[in-house]
Structure formats: structure tokens, C-alpha cells
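See below for protein-v4.txt, which holds compact mmCIF, C-alpha atoms and all ligand atoms.
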```txt
# COMPACT_ATOMS: atom_id res chain seq x y z
CA MET A 1 -74.96 -12.76 34.65
CA ARG A 2 -77.34 -9.94 33.72
CA ALA A 3 -80.85 -9.78 35.15
CA THR A 4 -83.64 -7.36 35.94
CA ILE A 5 -85.49 -7.81 39.20
CA ALA A 6 -88.77 -5.99 39.79
CA LEU A 7 -89.12 -4.99 43.45
CA LEU A 8 -92.66 -4.48 44.78
CA PRO A 9 -92.25 -3.10 48.32
CA GLY A 10 -96.02 -2.81 48.90
CA ASP A 11 -97.58 -1.99 52.26
CA GLY A 12 -96.82 -1.93 55.99
CA ILE A 13 -93.41 -3.41 56.74
CA GLY A 14 -93.08 -4.39 53.06
CA PRO A 15 -90.84 -1.41 52.13
CA GLU A 16 -88.49 -1.95 55.10
CA VAL A 17 -87.91 -5.64 54.50
CA THR A 18 -87.70 -5.17 50.72
CA GLU A 19 -84.94 -2.58 51.20
CA ALA A 20 -83.09 -5.11 53.35
CA ALA A 21 -83.35 -7.73 50.60
CA ALA A 22 -82.31 -5.16 47.96
CA ARG A 23 -79.18 -4.30 49.94
CA VAL A 24 -78.28 -7.97 50.13
CA LEU A 25 -78.85 -8.47 46.39
CA GLU A 26 -76.65 -5.47 45.64
CA VAL A 27 -73.79 -6.78 47.76
CA VAL A 28 -74.04 -10.23 46.21
CA ALA A 29 -74.13 -8.73 42.70
CA ARG A 30 -70.98 -6.75 43.42
CA ARG A 31 -69.12 -9.66 45.03
CA PHE A 32 -70.00 -12.12 42.26
CA ASP A 33 -69.71 -9.60 39.45
CA HIS A 34 -73.32 -9.84 38.31
CA ASP A 35 -75.18 -7.06 36.57
CA LEU A 36 -78.46 -6.89 38.50
CA THR A 37 -80.89 -4.07 37.75
CA LEU A 38 -83.42 -3.48 40.52
CA THR A 39 -86.55 -1.53 39.61
CA ARG A 40 -89.31 -0.47 42.06
CA HIS A 41 -93.08 -0.47 41.43
CA PRO A 42 -96.24 0.14 43.46
CA ILE A 43 -98.73 -2.60 44.38
CA GLY A 44 -101.56 -3.00 46.90
CA GLY A 45 -102.56 -0.15 49.19
CA THR A 46 -99.63 1.92 47.94
CA ALA A 47 -101.13 1.84 44.43
CA LEU A 48 -104.69 2.39 45.68
CA ARG A 49 -103.64 5.47 47.61
CA ALA A 50 -102.29 6.96 44.37
CA GLY A 51 -105.69 6.43 42.76
CA ASP A 52 -104.61 3.35 40.77
CA PRO A 53 -105.93 -0.22 40.87
CA PRO A 54 -104.10 -2.57 43.32
CA LEU A 55 -102.08 -3.98 40.42
CA PRO A 56 -101.40 -0.96 38.15
CA ASP A 57 -100.80 -1.67 34.46
CA ALA A 58 -97.25 -0.32 34.65
CA THR A 59 -96.44 -2.68 37.54
CA ARG A 60 -97.98 -5.59 35.67
CA ALA A 61 -95.88 -4.82 32.59
CA ALA A 62 -92.67 -4.39 34.60
CA CYS A 63 -93.20 -7.76 36.33
CA ALA A 64 -93.94 -9.51 33.06
CA ALA A 65 -90.74 -8.12 31.55
CA ALA A 66 -88.48 -8.80 34.57
CA ASP A 67 -86.46 -11.96 35.13
CA ALA A 68 -87.95 -12.25 38.61
CA VAL A 69 -90.17 -10.33 41.03
CA LEU A 70 -89.49 -9.74 44.73
CA LEU A 71 -92.48 -8.60 46.76
CA GLY A 72 -92.55 -7.21 50.31
CA ALA A 73 -96.15 -7.45 51.53
CA VAL A 74 -99.63 -6.19 50.73
CA GLY A 75 -102.46 -5.32 53.09
CA ASP A 76 -103.59 -2.06 54.64
CA PRO A 77 -106.36 -1.58 57.22
CA GLU A 78 -107.41 1.59 55.39
CA PHE A 79 -108.72 -0.59 52.56
CA ASP A 80 -110.22 -3.38 54.67
CA HIS A 81 -113.74 -2.87 53.36
CA GLY A 82 -115.69 -2.95 50.14
CA PRO A 83 -115.46 -5.29 47.17
CA SER A 84 -112.34 -7.21 46.09
CA ALA A 85 -111.45 -4.81 43.26
CA GLY A 86 -110.49 -2.11 45.76
CA ARG A 87 -108.44 -4.26 48.11
CA PRO A 88 -104.64 -4.49 48.26
CA GLU A 89 -104.66 -8.32 48.36
CA THR A 90 -106.39 -8.43 44.98
CA GLY A 91 -103.28 -6.95 43.37
CA LEU A 92 -101.17 -9.83 44.64
CA LEU A 93 -103.70 -12.48 43.62
CA GLN A 94 -103.86 -11.00 40.12
CA LEU A 95 -100.09 -10.94 39.88
CA ARG A 96 -99.76 -14.60 40.92
CA LYS A 97 -102.34 -15.58 38.32
CA GLU A 98 -100.80 -13.48 35.61
CA LEU A 99 -97.30 -14.80 36.18
CA ALA A 100 -98.86 -18.31 36.31
CA VAL A 101 -96.77 -19.21 39.35
CA PHE A 102 -98.88 -22.15 40.49
CA ALA A 103 -96.32 -23.69 42.84
CA ASN A 104 -95.58 -21.86 46.06
CA LEU A 105 -92.60 -23.33 47.91
CA ARG A 106 -92.58 -22.44 51.59
CA PRO A 107 -89.64 -24.01 53.39
CA ALA A 108 -89.68 -23.94 57.18
CA ARG A 109 -86.53 -24.95 58.92
CA MET A 110 -85.21 -24.46 62.38
CA TRP A 111 -82.16 -22.21 62.42
CA PRO A 112 -79.64 -23.56 64.94
CA GLY A 113 -79.77 -21.45 68.07
CA LEU A 114 -83.44 -20.52 67.79
CA GLU A 115 -84.83 -23.77 69.28
CA ASP A 116 -85.71 -22.04 72.55
CA GLY A 117 -87.60 -19.23 70.87
CA GLY A 118 -90.69 -20.99 69.57
CA SER A 119 -93.78 -22.16 71.38
CA LEU A 120 -92.76 -25.84 71.39
CA LYS A 121 -90.18 -27.62 73.54
CA PRO A 122 -86.71 -27.35 71.94
CA ASP A 123 -86.44 -31.15 71.51
CA ARG A 124 -89.60 -31.20 69.45
CA VAL A 125 -88.32 -28.72 66.88
CA ARG A 126 -84.55 -29.29 66.75
CA GLY A 127 -83.48 -29.91 63.15
CA LEU A 128 -87.00 -29.33 61.88
CA ASP A 129 -86.93 -29.03 58.10
CA MET A 130 -90.15 -29.12 56.15
CA LEU A 131 -91.28 -27.79 52.81
CA ILE A 132 -94.87 -26.74 52.27
CA VAL A 133 -95.80 -26.91 48.60
CA ARG A 134 -98.89 -24.76 48.29
CA GLU A 135 -101.05 -24.66 45.16
CA LEU A 136 -101.22 -20.93 44.41
CA THR A 137 -103.39 -20.10 41.42
CA GLY A 138 -106.55 -22.13 42.00
CA GLY A 139 -108.91 -23.42 44.66
CA LEU A 140 -111.11 -21.30 46.88
CA TYR A 141 -109.09 -18.15 46.24
CA TYR A 142 -110.04 -18.02 42.56
CA GLY A 143 -113.16 -20.17 42.12
CA GLU A 144 -116.20 -18.64 40.42
CA PRO A 145 -118.93 -17.85 41.14
CA ARG A 146 -118.17 -15.77 44.20
CA GLY A 147 -119.86 -12.82 45.78
CA ARG A 148 -122.98 -11.71 47.63
CA THR A 149 -126.57 -12.48 46.92
CA ASP A 150 -128.64 -9.54 45.64
CA ASP A 151 -130.04 -8.77 49.09
CA GLY A 152 -126.52 -8.87 50.53
CA GLN A 153 -127.59 -11.26 53.25
CA ALA A 154 -125.55 -14.23 52.07
CA ALA A 155 -122.11 -14.66 50.53
CA PHE A 156 -120.44 -17.51 48.67
CA ASN A 157 -117.14 -18.73 47.22
CA THR A 158 -116.40 -21.74 45.06
CA MET A 159 -113.77 -24.33 45.82
CA ARG A 160 -112.84 -25.87 42.50
CA TYR A 161 -109.87 -27.92 41.34
CA ALA A 162 -109.37 -29.49 37.94
CA ARG A 163 -107.25 -32.60 37.42
CA PRO A 164 -104.33 -30.86 35.63
CA GLU A 165 -104.02 -28.28 38.41
CA ILE A 166 -103.69 -31.02 41.02
CA GLU A 167 -101.41 -33.12 38.89
CA ARG A 168 -98.84 -30.40 38.27
CA ILE A 169 -98.58 -29.36 41.92
CA ALA A 170 -98.30 -33.03 42.93
CA VAL A 171 -95.41 -33.43 40.49
CA VAL A 172 -93.63 -30.47 42.13
CA ALA A 173 -94.14 -32.09 45.55
CA PHE A 174 -92.82 -35.50 44.51
CA GLU A 175 -89.86 -34.03 42.64
CA SER A 176 -89.01 -31.95 45.72
CA ALA A 177 -89.30 -34.97 48.01
CA ARG A 178 -86.83 -36.84 45.78
CA GLN A 179 -84.26 -34.15 46.53
CA ARG A 180 -85.06 -34.34 50.24
CA ARG A 181 -86.08 -37.18 52.57
CA GLY A 182 -88.55 -38.92 50.27
CA LEU A 183 -91.85 -38.32 52.04
CA VAL A 184 -94.88 -36.45 50.73
CA THR A 185 -97.79 -35.67 53.05
CA SER A 186 -100.83 -34.66 51.03
CA VAL A 187 -103.36 -32.48 52.83
CA ASP A 188 -107.09 -32.52 52.12
CA LYS A 189 -110.51 -32.76 53.69
CA ALA A 190 -111.61 -35.80 51.68
CA ASN A 191 -114.03 -36.91 54.38
CA VAL A 192 -116.18 -33.88 53.53
CA LEU A 193 -115.18 -32.09 50.31
CA ASP A 194 -115.57 -33.27 46.71
CA THR A 195 -112.56 -31.21 45.62
CA SER A 196 -110.53 -33.05 48.24
CA ARG A 197 -111.65 -36.47 46.96
CA LEU A 198 -110.41 -35.56 43.50
CA TRP A 199 -107.25 -34.12 45.06
CA ARG A 200 -106.53 -37.39 46.88
CA GLU A 201 -107.28 -39.45 43.76
CA VAL A 202 -104.93 -37.46 41.53
CA VAL A 203 -102.12 -37.18 44.08
CA THR A 204 -102.27 -40.96 44.55
CA GLU A 205 -102.03 -41.50 40.78
CA VAL A 206 -99.04 -39.18 40.50
CA GLY A 207 -97.50 -40.91 43.52
CA ALA A 208 -97.55 -44.23 41.65
CA ARG A 209 -95.01 -42.73 39.24
CA TYR A 210 -92.66 -42.09 42.18
CA PRO A 211 -92.16 -45.52 43.81
CA ASP A 212 -89.09 -44.14 45.61
CA VAL A 213 -91.19 -41.50 47.44
CA ARG A 214 -93.51 -42.41 50.31
CA LEU A 215 -96.98 -40.84 50.19
CA GLU A 216 -99.20 -40.18 53.20
CA HIS A 217 -102.58 -38.49 53.27
CA GLN A 218 -103.72 -36.29 56.16
CA TYR A 219 -106.97 -34.46 56.72
CA VAL A 220 -106.16 -30.80 57.20
CA ASP A 221 -107.43 -30.69 60.78
CA SER A 222 -105.35 -33.67 61.77
CA CYS A 223 -102.34 -32.24 59.93
CA ALA A 224 -102.65 -28.98 61.88
CA LEU A 225 -102.54 -30.99 65.10
CA LEU A 226 -99.62 -33.20 64.02
CA MET A 227 -97.62 -30.13 63.12
CA VAL A 228 -97.58 -29.08 66.76
CA THR A 229 -97.34 -32.56 68.30
CA ASP A 230 -94.82 -34.21 65.97
CA PRO A 231 -93.46 -31.61 63.52
CA GLN A 232 -90.20 -33.44 62.81
CA LYS A 233 -92.07 -36.20 61.00
CA PHE A 234 -92.85 -33.93 58.04
CA ASP A 235 -90.76 -33.60 54.91
CA VAL A 236 -92.81 -32.25 51.98
CA VAL A 237 -96.40 -31.18 52.65
CA VAL A 238 -98.56 -30.56 49.58
CA ALA A 239 -101.81 -28.66 49.96
CA GLY A 240 -104.37 -26.61 48.09
CA ASN A 241 -104.34 -22.83 48.18
CA LEU A 242 -106.34 -22.20 51.38
CA PHE A 243 -105.02 -25.12 53.43
CA GLY A 244 -101.45 -24.27 52.42
CA ASP A 245 -101.96 -20.66 53.47
CA ILE A 246 -103.14 -21.67 56.92
CA LEU A 247 -100.56 -24.39 57.55
CA SER A 248 -97.67 -22.16 56.50
CA ASP A 249 -98.49 -19.61 59.20
CA GLU A 250 -98.54 -22.49 61.68
CA ALA A 251 -95.08 -23.48 60.44
CA GLY A 252 -93.93 -19.97 61.34
CA GLY A 253 -94.92 -20.67 64.93
CA LEU A 254 -92.88 -23.88 64.90
CA VAL A 255 -89.63 -22.24 63.84
CA GLY A 256 -90.01 -19.27 66.16
CA SER A 257 -91.50 -16.52 64.00
CA LEU A 258 -93.39 -15.94 60.80
CA GLY A 259 -90.71 -13.32 60.20
CA LEU A 260 -88.28 -16.11 59.25
CA LEU A 261 -90.23 -17.77 56.45
CA PRO A 262 -89.38 -17.08 52.79
CA SER A 263 -91.25 -18.32 49.76
CA ALA A 264 -90.78 -18.91 46.06
CA SER A 265 -93.69 -19.02 43.65
CA VAL A 266 -92.65 -20.82 40.50
CA GLY A 267 -93.99 -22.71 37.54
CA GLY A 268 -94.57 -19.76 35.27
CA ARG A 269 -92.12 -17.31 33.77
CA GLY A 270 -89.39 -16.04 36.07
CA GLY A 271 -90.95 -16.33 39.46
CA LEU A 272 -92.40 -14.36 42.34
CA PHE A 273 -90.56 -14.31 45.64
CA GLU A 274 -92.10 -13.08 48.85
CA PRO A 275 -91.85 -13.47 52.59
CA VAL A 276 -94.73 -15.53 54.03
CA HIS A 277 -95.51 -12.83 56.61
CA GLY A 278 -97.96 -10.05 55.82
CA SER A 279 -97.75 -6.27 56.03
CA ALA A 280 -97.90 -6.16 59.87
CA PRO A 281 -99.31 -2.60 59.98
CA ASP A 282 -98.97 -2.50 63.79
CA ILE A 283 -95.17 -2.42 63.58
CA ALA A 284 -94.71 -0.69 60.21
CA GLY A 285 -92.28 2.21 59.89
CA ARG A 286 -90.54 1.56 63.22
CA ASP A 287 -87.53 -0.36 61.91
CA ILE A 288 -88.29 -3.33 64.16
CA ALA A 289 -89.50 -5.89 61.58
CA ASN A 290 -87.53 -9.06 60.97
CA PRO A 291 -85.84 -8.83 57.54
CA VAL A 292 -84.78 -12.51 57.48
CA ALA A 293 -87.84 -13.77 55.56
CA ALA A 294 -87.33 -11.16 52.83
CA ILE A 295 -83.57 -11.73 52.65
CA ALA A 296 -84.09 -15.50 52.48
CA SER A 297 -86.67 -14.89 49.72
CA ALA A 298 -83.97 -13.04 47.79
CA ALA A 299 -81.78 -16.13 48.18
CA MET A 300 -84.61 -18.28 46.80
CA LEU A 301 -84.92 -15.85 43.89
CA LEU A 302 -81.25 -16.28 43.03
CA ARG A 303 -81.55 -20.06 43.20
CA HIS A 304 -84.89 -20.65 41.48
CA ALA A 305 -85.16 -17.81 38.97
CA LEU A 306 -81.52 -17.11 38.14
CA GLY A 307 -79.87 -20.48 38.75
CA ALA A 308 -77.38 -18.85 41.13
CA ASP A 309 -77.12 -21.67 43.68
CA GLU A 310 -73.79 -20.66 45.13
CA GLU A 311 -74.91 -17.07 45.72
CA ALA A 312 -78.11 -18.30 47.39
CA GLY A 313 -76.07 -20.55 49.67
CA VAL A 314 -73.79 -17.68 50.64
CA ILE A 315 -76.81 -15.58 51.70
CA GLU A 316 -78.31 -18.45 53.69
CA ARG A 317 -75.02 -19.03 55.48
CA ALA A 318 -74.77 -15.33 56.32
CA ILE A 319 -78.26 -15.46 57.84
CA GLY A 320 -77.39 -18.60 59.80
CA ASP A 321 -74.15 -17.10 61.11
CA THR A 322 -75.91 -13.89 62.13
CA LEU A 323 -78.54 -15.82 64.08
CA ALA A 324 -75.95 -18.16 65.56
CA ALA A 325 -74.04 -15.08 66.79
CA GLY A 326 -77.12 -14.23 68.87
CA LEU A 327 -78.65 -11.32 66.99
CA ARG A 328 -82.41 -11.23 67.48
CA THR A 329 -85.11 -8.94 66.15
CA ALA A 330 -87.99 -8.29 68.58
CA ASP A 331 -90.20 -11.08 67.19
CA LEU A 332 -87.49 -13.64 68.05
CA LEU A 333 -87.11 -12.54 71.65
CA ALA A 334 -90.68 -13.31 72.68
CA GLY A 335 -90.29 -12.24 76.27
CA ALA A 336 -86.74 -13.53 76.66
CA SER A 337 -84.12 -11.16 78.02
CA GLY A 338 -81.61 -9.43 75.77
CA ALA A 339 -81.81 -6.41 73.57
CA ALA A 340 -83.51 -6.61 70.22
CA VAL A 341 -81.67 -5.55 67.12
CA SER A 342 -83.53 -3.41 64.56
CA CYS A 343 -84.50 -4.38 61.03
CA SER A 344 -81.63 -2.34 59.61
CA GLY A 345 -79.27 -3.58 62.34
CA MET A 346 -80.02 -7.19 61.44
CA THR A 347 -79.50 -6.36 57.77
CA ASP A 348 -76.16 -4.63 58.54
CA ALA A 349 -75.02 -7.79 60.32
CA VAL A 350 -75.96 -10.04 57.37
CA VAL A 351 -74.35 -7.64 54.88
CA GLU A 352 -71.16 -7.52 56.94
CA ARG A 353 -70.89 -11.32 56.75
CA LEU A 354 -71.53 -11.22 53.02
CA GLU A 355 -68.72 -8.73 52.59
CA GLN A 356 -66.39 -11.14 54.38
CA ALA A 357 -67.62 -14.29 52.60
C1 LIG A 401 -99.81 -15.19 52.01
C2 LIG A 401 -100.81 -14.11 52.34
C3 LIG A 401 -101.69 -13.85 51.13
C4 LIG A 401 -102.44 -15.12 50.82
C5 LIG A 401 -102.65 -12.66 51.28
C6 LIG A 401 -101.93 -11.38 51.62
C7 LIG A 401 -103.48 -12.47 50.04
O1 LIG A 401 -101.54 -14.43 53.46
O2 LIG A 401 -99.05 -15.02 51.03
O3 LIG A 401 -99.78 -16.20 52.70
O4 LIG A 401 -103.48 -15.41 51.45
O5 LIG A 401 -101.99 -15.86 49.94
MN MN A 402 -100.86 -16.26 54.45
```

Translate this structure into C-alpha cells?
Amino acid sequence: MRATIALLPGDGIGPEVTEAAARVLEVVARRFDHDLTLTRHPIGGTALRAGDPPLPDATRAACAAADAVLLGAVGDPEFDHGPSAGRPETGLLQLRKELAVFANLRPARMWPGLEDGGSLKPDRVRGLDMLIVRELTGGLYYGEPRGRTDDGQAAFNTMRYARPEIERIAVVAFESARQRRGLVTSVDKANVLDTSRLWREVVTEVGARYPDVRLEHQYVDSCALLMVTDPQKFDVVVAGNLFGDILSDEAGGLVGSLGLLPSASVGGRGGLFEPVHGSAPDIAGRDIANPVAAIASAAMLLRHALGADEEAGVIERAIGDTLAAGLRTADLLAGASGAAVSCSGMTDAVVERLEQA
């Protein structure tokens, strides 16, 4: 196999965790005799600091030409002011739209051995395995009009969903549920929002084409509660852009750390793969970030963009074995005793297992 992967390290801990994922991809390429070319491009605050827009033209072109894109994180407190055009996050939103990756798959599963590390009782989260299917190129994130009134004293955004946008994300959810435990929980706020009423209507229609999959509807507030009271009940959760963003951070709390959650954004050409966590500027540059989310995102890239299922499985097993052996980055210790391993130390341990696989 021959493929080009565009790496966008981005801001904060992005470069550290992207390097970890790159090392893993290089080992896998060597072991499986693949010809992977990794190229690196600026995005977000890193681009802004060089005087470029948050998604520079050269980065845009490289991503469009690559077989897949792996992103670290964007977000930098230095640019936390002013209009959208000058913010790091805008670069990522433009990239998602441009690659047309409308389906964001955010699996959250409990790695054996980490049950004690989260905020819930171990029995509540043992074997937890859910998939959040987040709509990624519509909804409140992109709706127009948006902005400030002329006097600057009010601001507004538009939540808008069209039928085809809901239909295609629903199809992804039902197809995923078919490969899993056959349950789709659709998230909305249909008791209040018009967009949610249409959402519920369309998801129900699509559901009728999948008689083998069970469909439940949950209001987003109630879903947020159920996720901490009865998380094991969930299989596939399908949600709009904003609700999916919020619930996926909550899922990080369930499995022990946001630093464990990978994601795959698919539906367009190639695909965009990124850890769910952000740039975490408070811990950037100290080699203490958890590289697991980025490494697991690289596994998703191999599976979803390059069809390399076996290679993806090998990476996931190496992560599982490393965690089962007791290695913990600082985020996974959460007050427990034991010494934390560094970002590069965790990566070394995963790479070592890959070399032996
Ligand atoms: C995520 C992030 C992004 C989002 C930000 C950085 C724009 O929070 O991927 O979950 O809101 O989608
Ligand atoms: Mn988020």
C-alpha cells in the first residue's frame, strides 16, 4: 500500500501527541511493508503566528491532495479574542467543511484496567462501549446569519438543519448500530427546538428502513444525565454538531480521561482523524500529555481511510496491552498513587509492543 498522510500538529499539546501518532504510523508502515509518506503543515494558532490565516492555502491544498489527514489540536489563548476569521478553531471548522466530512465517529470504550480511574463506580463503567456519531458540518456551528448587531450589544447564531443533512448522518448511525449491538439513541431537544423536531422526524423515517435496529429518542439534557447514571445502556448515540460536541467530552469522563478518545471524521474524500481532546495549553510542551487518543486516531485512520483493518487492530491491541501493564499518564492517575509515565514514555511502550507484534 502507498499513501500520503497530511499531519497537522496544530497548537498546545497537538505537536507532542501528533509526533506520538507519527511514530506509531512509521513503525506500522515498516512492519507491514507499506509506503506511507507523512507531510507536516501548519493550522490554527501556529499558522496565525506566522501571519497566515488559520487554514493557510498550502495546508488546504495538501489536505485535499492527501489520502487522509491526522490533526493534533487547535486552540491558543493568545488568539481568544476578536472575530472568527482570526481564531485557530476557524481553521479546523473550514477544513471539516472543505473535506465534507459530515460524520464524526467518536467511540468511547472502557479499556480493561482503567475502571477505577474515572469518576463513576467501576461497576457502572465496566465494559462500557459506546459510539457517538456527531453531525460535523452543519447545525449551530455553521448556520447563517451569525454575528453581532451593529451596536455590538447583542449576538446571534443560527441553528439550521436540512433534511438531507439529517438523513445521511442517521444512515451512518443505523449502519454502525448494525455492526454493533443494534441500538440507536437519537439526541435532540424536540420539546423546544424546531430543528430538533425535524431531526426527530427524519431519524424516525430512516429508522423505519432498519427494522433490525432499535431506535430511542432522548432529549439532550436527559441524555447527559443518563450517561452518568446508566452509561452501559448506550450503543450508538447520534446527535447534531453542538450536542455531539458536548456529550463526547462527557464520554471522556466516563472512560477515565478525554485523553483516551479518538475520532474519525468521514463521509467526504479521505477523512480527517483527530483526538477529541483540545490543545490543553496548560500542559503543553511538558511531555505529560496522554498520546493514546492521537495514537488511537491513527488506528482509525488506517481502518477508515486506508482499509487497513489488521494494522488498526494491531495498534489498538498495543494500546490495550500497554494500559493493562499498568502504564499511566498523569491524566489517568487522578490522585491515585503511582508514578506517571510521560507522553514519550507511553509512546515508547506502545511502539515496543508494536515491534514485537
Ligand atoms: C472538538 C473541539 C472542536 C469542536 C473545537 C476545537 C472547534 O471541541 O473537536 O470537539 O468544537 O468541534
Ligand atoms: Mn469538543

Fill in: Contacts with ligand LIG 401 (chain A) at most 8 Å, all atoms listed in the file counted, listed as an NGL selection string
:A and (73-75 or 89-90 or 92-93 or 136 or 241-242 or 245-246 or 248-249 or 274-279)

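In this comparison, which uses all atoms listed in the file, the residue of A:Glu316, A:Asp67, A:Glu144, A:Asp52 approaching Thr37 of chain A most closely is A:Asp67.
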
Item to complete: Please identify all polymer residues within 6 Å of Val187 of chain A, counting only C-alpha atoms, omitting same-chain residues fewer than 5 positions from it, and present them as a list of chain:residue names.
Response: A:Gln218, A:Tyr219, A:Val220, A:Ala239

Worksheet item: Excluding same-chain residues fewer than 4 positions from segment 267-270 of chain A, what lies within 8 Å of it counting only C-alpha atoms, as number ranges by chain?
Response: A: 66-69, 99-103, 305

Each segment 314-354 of chain A residue no farther than 8 Å from segment 107-117 of chain A, nearest pair in Å, all atoms listed in the file, as CSV:
```
residue,atom,partner,partner_atom,distance
A:Gly320,CA,A:Trp111,CA,6.5
A:Leu323,CA,A:Gly113,CA,7.0
A:Ala324,CA,A:Gly113,CA,5.6
A:Gly326,CA,A:Gly113,CA,7.7
A:Leu332,CA,A:Gly117,CA,6.3
A:Leu333,CA,A:Gly117,CA,6.8
A:Ala334,CA,A:Gly117,CA,6.9
```

Selection to disk with C-alpha atoms, as a PDB file, in the frame of the given file:
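Output below, filename part-v1.pdb:
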```pdb
ATOM      1  CA  GLY A 320     -77.390 -18.600  59.800  1.00  0.00           C
ATOM      2  CA  LEU A 323     -78.540 -15.820  64.080  1.00  0.00           C
ATOM      3  CA  ALA A 324     -75.950 -18.160  65.560  1.00  0.00           C
ATOM      4  CA  GLY A 326     -77.120 -14.230  68.870  1.00  0.00           C
ATOM      5  CA  LEU A 332     -87.490 -13.640  68.050  1.00  0.00           C
ATOM      6  CA  LEU A 333     -87.110 -12.540  71.650  1.00  0.00           C
ATOM      7  CA  ALA A 334     -90.680 -13.310  72.680  1.00  0.00           C
TER       8      ALA A 334
END
```

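Separating atom CA of Pro88 of chain A from atom CA of Ala294 of chain A is a distance of 19.1 Å.
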
Discussion item. Could you list, as number ranges by chain, every residue within 10 Å of Gly12 of chain A, counting only C-alpha atoms and ignoring same-chain residues fewer than 4 positions away?
Written reply: A: 16-17, 45-46, 72-77, 278-285

Worksheet entry | Separation of atom CA of Arg49 of chain A from atom CA of Ala65 of chain A in Å | 24.7 Å

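Picture a line from atom CA of Asn104 of chain A to atom CA of Glu135 of chain A; it runs 6.2 Å.
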
Worksheet item: Which neighbours of segment 119-130 of chain A fall inside 12 Å, counting all atoms listed in the file, when residues of the same chain fewer than 2 positions from it are skipped, and could you give them as a ChimeraX atom specification?
Response: /A:105-117,132-133,173,176-177,180-185,226-238,247-248,250-257,261,332-335

Response to the item:
Of A:Ala289, A:Ala3, A:Leu48, A:Val351, the one sitting nearest Ala85 of chain A when using all atoms listed in the file is A:Leu48

Fill in: Close residues, Ile5 of chain A itself excluded, 12 Å, all atoms listed in the file, min 3 positions apart in chain, as a PyMOL selection string
chain A and resi 2+8+21-22+25-26+29+35-41+62-71+270-273+298+301-302+305-306

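Restricting the calculation to only C-alpha atoms, the smallest distance between Thr322 of chain A and any of A:Gly338, A:Gly345, A:Gly307, A:Pro9 is found for A:Gly345.
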
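Using all atoms listed in the file, the nearest neighbour of Arg197 of chain A within the list A:Ala357, A:Leu55, A:Ile319, A:Ile166 is A:Ile166.
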
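Of the listed residues (A:Gly259, A:Gly10, A:Gly244, A:Gly313), A:Gly244 comes nearest to ligand MN 402 (chain A); the distances count all atoms listed in the file.
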
Response to the item:
The residue from A:Pro211, A:Ser263, A:Arg328, A:Gln94 with the smallest atom-to-atom distance to ligand MN 402 (chain A), counting only C-alpha atoms and all ligand atoms, is A:Ser263

Worksheet item: Taking (-109.7, -38.7, 47.2) in the file's coordinates as the center, which residues reach within 12 Å of it, counting all atoms listed in the file, put as number ranges by chain?
Response: A: 163, 166, 186-205, 217-219

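Selecting by distance to (-110.4, -17.7, 43.5) with a limit of 10 Å and using all atoms listed in the file, one obtains Leu93, Gln94, Lys97, Leu136, Thr137, Gly138, Gly139, Leu140, Tyr141, Tyr142, Gly143, Glu144, Pro145, Arg146, Asn157, Thr158, Met159, Arg160, Asn241 and Leu242 of chain A.
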